[in-house]
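Trainee: One file is attached below, entry-v7.txt, containing compact mmCIF, C-alpha atoms (C1' of nucleotides).
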# COMPACT_ATOMS: atom_id res chain seq x y z
CA MET A 1 183.73 -1.26 258.45
CA THR A 2 183.74 -0.22 254.85
CA PHE A 3 181.46 2.83 254.79
CA ILE A 4 180.32 2.10 251.29
CA THR A 5 177.57 4.68 251.57
CA HIS A 6 180.07 7.43 252.24
CA LYS A 7 182.20 6.26 249.31
CA VAL A 8 179.22 6.20 246.97
CA PHE A 9 178.24 9.67 248.11
CA ARG A 10 181.71 11.11 247.55
CA HIS A 11 182.03 9.43 244.18
CA LEU A 12 178.69 10.66 242.89
CA LEU A 13 179.13 14.16 244.24
CA ASP A 14 182.62 14.47 242.72
CA LYS A 15 181.42 13.15 239.40
CA LEU A 16 177.99 14.72 239.05
CA GLY A 17 178.15 17.75 241.32
CA PRO A 18 175.39 19.17 243.54
CA GLN A 19 171.88 18.46 242.28
CA HIS A 20 170.16 21.45 243.90
CA TRP A 21 167.13 19.54 245.10
CA TRP A 22 164.12 19.50 245.53
CA PRO A 23 162.95 20.84 242.16
CA GLY A 24 160.22 23.09 243.61
CA GLU A 25 159.88 26.76 244.35
CA SER A 26 158.40 26.74 247.84
CA PRO A 27 157.96 24.33 250.75
CA LEU A 28 154.28 23.86 249.92
CA GLU A 29 155.13 23.11 246.32
CA VAL A 30 157.58 20.47 247.53
CA ILE A 31 154.88 18.93 249.71
CA ILE A 32 152.42 18.83 246.83
CA GLY A 33 155.10 17.35 244.59
CA ALA A 34 155.88 14.67 247.16
CA ILE A 35 152.32 13.34 246.85
CA LEU A 36 152.08 13.75 243.09
CA VAL A 37 155.36 11.96 242.34
CA GLN A 38 154.31 8.70 244.01
CA ASN A 39 155.12 5.92 241.54
CA THR A 40 155.14 8.50 238.75
CA ALA A 41 157.72 10.07 236.46
CA TRP A 42 158.65 13.60 237.56
CA LYS A 43 157.96 14.88 234.04
CA ASN A 44 154.26 14.17 234.56
CA VAL A 45 154.28 15.92 237.91
CA GLU A 46 155.75 19.08 236.41
CA GLN A 47 152.71 19.62 234.23
CA ALA A 48 150.33 19.10 237.14
CA ILE A 49 152.21 21.58 239.32
CA GLU A 50 152.29 24.08 236.50
CA ASN A 51 148.51 23.82 236.25
CA LEU A 52 148.25 24.59 239.96
CA ARG A 53 150.67 27.49 239.66
CA ASP A 54 148.81 28.95 236.70
CA ALA A 55 145.62 28.83 238.74
CA ASP A 56 147.46 30.45 241.65
CA LEU A 57 146.63 27.46 243.82
CA ILE A 58 149.89 26.85 245.64
CA HIS A 59 148.13 27.77 248.87
CA ALA A 60 146.82 25.27 251.41
CA ASP A 61 143.57 27.13 252.09
CA ARG A 62 142.74 27.73 248.42
CA LEU A 63 143.44 24.11 247.54
CA LEU A 64 140.99 23.06 250.21
CA GLU A 65 138.35 25.49 248.96
CA ILE A 66 138.12 24.26 245.38
CA SER A 67 136.12 21.13 244.58
CA SER A 68 137.71 17.72 244.37
CA GLU A 69 136.56 17.53 240.75
CA ASP A 70 138.39 20.72 239.84
CA LEU A 71 141.51 19.68 241.73
CA ALA A 72 141.48 16.27 240.09
CA GLU A 73 141.29 17.84 236.64
CA LEU A 74 144.26 20.09 237.36
CA ILE A 75 146.53 17.31 238.60
CA ARG A 76 145.39 14.79 235.99
CA PRO A 77 148.72 14.74 234.11
CA ALA A 78 150.40 13.27 237.21
CA GLY A 79 148.34 10.07 236.96
CA TYR A 80 146.31 8.33 239.71
CA TYR A 81 144.59 11.68 239.81
CA ARG A 82 141.45 10.70 241.74
CA LEU A 83 143.55 8.92 244.35
CA LYS A 84 146.05 11.76 244.61
CA THR A 85 143.26 14.30 244.97
CA LYS A 86 142.13 12.50 248.12
CA ARG A 87 145.68 12.18 249.41
CA LEU A 88 146.47 15.83 248.78
CA ARG A 89 143.32 16.98 250.51
CA SER A 90 143.85 14.81 253.56
CA LEU A 91 147.43 16.02 253.90
CA LEU A 92 146.45 19.68 253.51
CA LYS A 93 143.62 19.21 255.96
CA PHE A 94 146.09 17.79 258.47
CA MET A 95 148.44 20.74 257.97
CA VAL A 96 145.71 23.31 258.45
CA GLU A 97 144.08 21.61 261.41
CA GLU A 98 147.22 20.70 263.31
CA TYR A 99 149.62 23.47 262.29
CA ASP A 100 147.35 26.24 261.07
CA GLY A 101 148.77 25.60 257.61
CA SER A 102 152.06 27.10 258.76
CA ILE A 103 155.34 25.72 257.44
CA ALA A 104 157.17 27.53 260.24
CA ALA A 105 154.97 25.85 262.84
CA MET A 106 155.76 22.45 261.32
CA GLN A 107 159.47 23.28 261.37
CA ALA A 108 159.22 24.23 265.02
CA ALA A 109 157.58 20.94 265.98
CA ASP A 110 159.40 17.92 267.33
CA ARG A 111 160.56 16.24 264.13
CA HIS A 112 159.96 12.67 265.25
CA ARG A 113 156.48 13.45 266.46
CA LEU A 114 155.73 15.24 263.18
CA ARG A 115 156.95 12.22 261.24
CA ARG A 116 154.58 9.96 263.15
CA GLN A 117 151.76 12.40 262.47
CA LEU A 118 152.54 12.50 258.76
CA LEU A 119 152.59 8.71 258.59
CA ALA A 120 149.13 8.65 260.13
CA VAL A 121 147.75 10.66 257.18
CA LYS A 122 146.19 8.35 254.58
CA GLY A 123 148.37 8.44 251.49
CA VAL A 124 151.57 9.43 253.26
CA GLY A 125 154.01 6.55 253.61
CA PRO A 126 157.64 6.61 254.75
CA GLU A 127 159.12 7.98 251.54
CA THR A 128 156.57 10.76 251.20
CA ALA A 129 156.93 11.68 254.87
CA ASP A 130 160.70 11.80 254.66
CA SER A 131 160.58 13.80 251.42
CA ILE A 132 158.40 16.39 253.11
CA LEU A 133 160.55 16.47 256.24
CA LEU A 134 163.85 16.72 254.39
CA TYR A 135 163.06 18.82 251.35
CA ALA A 136 160.21 21.03 252.52
CA LEU A 137 161.05 21.37 256.21
CA GLU A 138 164.82 20.80 256.19
CA GLN A 139 164.76 18.14 258.89
CA PRO A 140 167.45 15.43 258.85
CA PHE A 141 165.61 12.38 257.53
CA LEU A 142 167.16 10.48 254.63
CA VAL A 143 164.73 9.64 251.83
CA VAL A 144 164.88 6.05 250.64
CA ASP A 145 163.20 5.14 247.38
CA THR A 146 163.01 2.42 244.75
CA TYR A 147 166.27 3.61 243.18
CA THR A 148 168.10 3.55 246.50
CA HIS A 149 166.95 0.00 247.06
CA ARG A 150 167.71 -1.06 243.49
CA ILE A 151 171.23 0.39 243.48
CA PHE A 152 172.31 -0.89 246.88
CA SER A 153 170.78 -4.34 246.55
CA ARG A 154 171.95 -4.88 242.97
CA HIS A 155 175.54 -4.21 243.92
CA GLY A 156 175.15 -6.59 246.81
CA TRP A 157 175.76 -3.88 249.39
CA VAL A 158 172.52 -4.78 251.14
CA GLY A 159 170.15 -7.75 250.90
CA TYR A 160 167.29 -7.58 248.41
CA ASP A 161 164.71 -8.15 251.16
CA ILE A 162 165.77 -5.18 253.30
CA ASP A 163 162.83 -2.95 254.18
CA TYR A 164 162.53 0.83 254.15
CA HIS A 165 163.62 1.58 257.69
CA GLN A 166 166.35 -1.03 257.71
CA LEU A 167 167.84 0.47 254.56
CA GLN A 168 167.45 3.97 255.90
CA GLY A 169 169.19 2.99 259.11
CA HIS A 170 171.96 1.22 257.23
CA LEU A 171 172.69 4.27 255.12
CA THR A 172 172.43 6.90 257.84
CA SER A 173 174.62 4.90 260.21
CA GLU A 174 177.51 5.64 257.86
CA LEU A 175 176.81 9.34 257.44
CA PRO A 176 176.77 12.49 259.56
CA GLU A 177 173.22 13.47 260.44
CA GLU A 178 173.14 16.53 258.20
CA VAL A 179 170.37 17.90 256.04
CA ALA A 180 172.78 18.95 253.29
CA ILE A 181 174.25 15.46 253.00
CA TYR A 182 170.90 13.66 253.05
CA ASN A 183 169.61 16.12 250.49
CA GLU A 184 172.47 15.50 248.06
CA LEU A 185 172.72 11.76 248.55
CA HIS A 186 169.11 11.07 247.69
CA ALA A 187 169.18 13.47 244.74
CA LEU A 188 172.32 11.83 243.37
CA LEU A 189 170.89 8.34 243.78
CA VAL A 190 167.77 9.33 241.85
CA ARG A 191 169.95 10.82 239.12
CA VAL A 192 172.03 7.68 238.67
CA GLY A 193 169.15 5.34 239.46
CA HIS A 194 167.56 6.08 236.12
CA HIS A 195 170.35 4.08 234.50
CA TYR A 196 169.64 0.88 236.40
CA CYS A 197 167.20 -1.42 234.67
CA ARG A 198 164.34 -2.82 236.65
CA LYS A 199 164.75 -6.52 236.09
CA GLN A 200 168.15 -8.22 236.41
CA PRO A 201 168.87 -9.30 239.95
CA ARG A 202 172.48 -8.59 239.06
CA CYS A 203 173.83 -6.41 236.28
CA GLU A 204 177.46 -6.24 235.24
CA SER A 205 177.39 -2.85 233.57
CA CYS A 206 175.39 -0.71 235.95
CA PRO A 207 176.86 2.73 236.64
CA LEU A 208 178.59 2.11 239.95
CA GLN A 209 179.74 -1.41 239.15
CA GLU A 210 183.44 -0.63 238.88
CA MET A 211 183.53 2.11 241.42
CA LEU A 212 184.87 0.11 244.31
CA PRO A 213 187.81 -1.93 242.99
CA GLY A 214 189.72 0.76 241.16
CA GLY A 215 187.96 3.88 242.35
CA ARG A 216 187.56 4.41 238.65
CA VAL A 217 184.96 6.75 237.21
CA VAL A 218 182.29 4.97 235.24
CA GLU A 219 179.89 6.68 232.89
CA PRO A 220 176.25 6.11 233.61
CA ASP A 221 175.03 3.89 230.82
CA ASP A 222 172.17 1.59 230.08
CA CYS A 223 172.56 -1.88 231.45
C1' DG B 1 151.79 -2.12 222.17
C1' DA B 2 154.53 -3.27 226.18
C1' DC B 3 156.97 -1.42 229.77
C1' DC B 4 158.12 1.87 233.16
C1' DA B 5 157.90 5.82 236.55
C1' DG B 6 161.24 9.46 242.94
C1' DG B 7 154.28 4.70 246.59
C1' DC B 8 150.66 3.50 249.27
C1' DA B 9 146.53 1.27 251.14
C1' DC B 10 143.86 -2.52 251.31
C1' DA B 11 142.26 -7.43 250.43
C1' DT B 12 143.18 -12.07 250.91
C1' DC B 13 145.41 -16.19 252.31
C1' DG C 1 153.32 -11.85 258.26
C1' DA C 2 153.80 -12.45 253.35
C1' DT C 3 151.95 -11.69 248.84
C1' DG C 4 148.83 -9.62 245.31
C1' DT C 5 146.19 -5.80 243.34
C1' DG C 6 144.20 -1.19 242.13
C1' DC C 7 145.33 3.30 241.09
C1' DA C 8 146.40 6.33 235.56
C1' DT C 9 148.99 9.51 232.74
C1' DG C 10 152.74 10.22 229.52
C1' DG C 11 157.45 9.04 227.70
C1' DT C 12 160.56 5.46 225.48
Give the structure from this file in structure tokens form.

Mentor:
Amino acid sequence: MTFITHKVFRHLLDKLGPQHWWPGESPLEVIIGAILVQNTAWKNVEQAIENLRDADLIHADRLLEISSEDLAELIRPAGYYRLKTKRLRSLLKFMVEEYDGSIAAMQAADRHRLRRQLLAVKGVGPETADSILLYALEQPFLVVDTYTHRIFSRHGWVGYDIDYHQLQGHLTSELPEEVAIYNELHALLVRVGHHYCRKQPRCESCPLQEMLPGGRVVEPDDC
DNA sequence: GACCAGGCACATC
DNA sequence: GATGTGCATGGT
């Protein structure tokens, strides 16, 4: 048993320090961000969230009161804005109908049942659900994303064809089930993931390439 | 101008 | 069950 995940976590945390995630000011803002960031650069999401903040719309009930057209216009910078308008509304509707729009009520619910409920909302897949659970509700679910998959498969630590839940299980099986650890690990992987190029099935100069043999620190660099 | 970004649902075979 | 496609803005 090598516990590569634990080694990667220690290495990145030592080298880069805590990332203080999620970049959002309230649980609801995190939830909104989780939808808006789907297949989108965070930079674009920031502008959309700022628009909502400026309009004082970081409130589930107010967001459901305004028209879809108005909401779409506000979140336009995040891309896929018509699609994300629908997804946001269906998620907010779920929260209001099932939990009275209360973050505390969601936190008090059985976390596995809540996860299944979130996955049943159109537009909420496993990564979005886990992002909401971990970063908005502080429940121990590790978020797996394209960077996680790219990093671990490119180094040969897992097979390229591994799916979301297999990868999630592989990673969590080597870690204590703790919110603080899941929080940092995902944040660190996103940070370093930006330096892994999309194509090459194998890359010799990716950031963590030389981590294992010598335990040597490697600067993140383009590959 | 091409390529990419912290996914997901749906169509088609 | 696997594979392909639409969704869209903004930065490099």

Trainee: Would you list the residues near (157.2, 4.1, 236.4), meaning any protein, DNA or RNA residue with an atom at most 8 Å from that point in file coordinates, counting all atoms listed in the file, as a list of chain:residue names?

Mentor: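 These residues have at least one counted atom within 8 Å: A:Asn39, A:Thr40, A:Ala41, B:DC4, B:DA5.
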
Trainee: Could you give me, as a list in words, the residues within 7 Å of segment 4-11 of chain C, counting only C-alpha atoms (C1' of nucleotides) and dropping anything in the same chain fewer than 4 positions from it?

Mentor: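 In the requested form, the answer reads Asn44, Pro77, Ala78, Gly79, Tyr80 and Leu83 of chain A.
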
Trainee: Please produce a file of those selected residues containing C-alpha atoms, as a PDB file, in the frame of the given file.

Mentor:
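Result file follows (part05.pdb):
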ATOM      1  CA  ASN A  44     154.260  14.170 234.560  1.00  0.00           C
ATOM      2  CA  PRO A  77     148.720  14.740 234.110  1.00  0.00           C
ATOM      3  CA  ALA A  78     150.400  13.270 237.210  1.00  0.00           C
ATOM      4  CA  GLY A  79     148.340  10.070 236.960  1.00  0.00           C
ATOM      5  CA  TYR A  80     146.310   8.330 239.710  1.00  0.00           C
ATOM      6  CA  LEU A  83     143.550   8.920 244.350  1.00  0.00           C
TER       7      LEU A  83
END

Trainee: Could you please determine the separation between atom CA of Ile75 of chain A and atom CA of Ile31 of chain A in Å, to one decimal place?

Mentor: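 Going from atom CA of Ile75 of chain A over to atom CA of Ile31 of chain A covers 14.0 Å.
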
Trainee: Show which residues sit within 10 Å of DT3 of chain C, as an MDAnalysis selection string. Count all atoms listed in the file, and ignore same-chain residues fewer than 2 positions away.

Mentor: (chainID B and resid 12:13) or (chainID C and resid 1 5)

Trainee: With a distance threshold of 9 Å and counting only C-alpha atoms (C1' of nucleotides), extract the residues of chain A near chain B and express them as a list in words.

Mentor: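 Only these qualify: Ala34, Ile35, Val37, Gln38, Asn39, Thr40, Ala41, Trp42, Lys122, Gly123, Val124, Gly125, Glu127, Thr128, Asp145, Thr146, Tyr147, Val190 and Arg198 of chain A.
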
Trainee: From the set A:Arg82, A:Lys15, A:Glu29, A:Arg62, which residue has the shortest atom-to-atom contact distance to chain C, counting only C-alpha atoms (C1' of nucleotides)?

Mentor: A:Arg82

Trainee: One decimal, Å: what's the distance from atom CA of Ala55 of chain A over to atom CA of Arg87 of chain A, could you say?

Mentor: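 Computing the Euclidean distance for atom CA of Ala55 of chain A and atom CA of Arg87 of chain A yields 19.8 Å.
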
Trainee: Suppose you want the space between atom CA of Lys93 of chain A and atom CA of Leu118 of chain A; what is it in Å?

Mentor: 11.5 Å

Trainee: Report as a list in words all protein, DNA and RNA residues lying within 9 Å of Met95 of chain A, evaluated on only C-alpha atoms (C1' of nucleotides), omitting residues in the same chain fewer than 6 positions from it.

Mentor: Ala60, Gly101, Ser102, Ile103 and Met106 of chain A

Trainee: Show me, as a ChimeraX atom specification, the residues that have an atom within 8 Å of Arg111 of chain A when counting only C-alpha atoms (C1' of nucleotides), minus same-chain residues fewer than 4 positions from it.

Mentor: /A:107,115,133,139
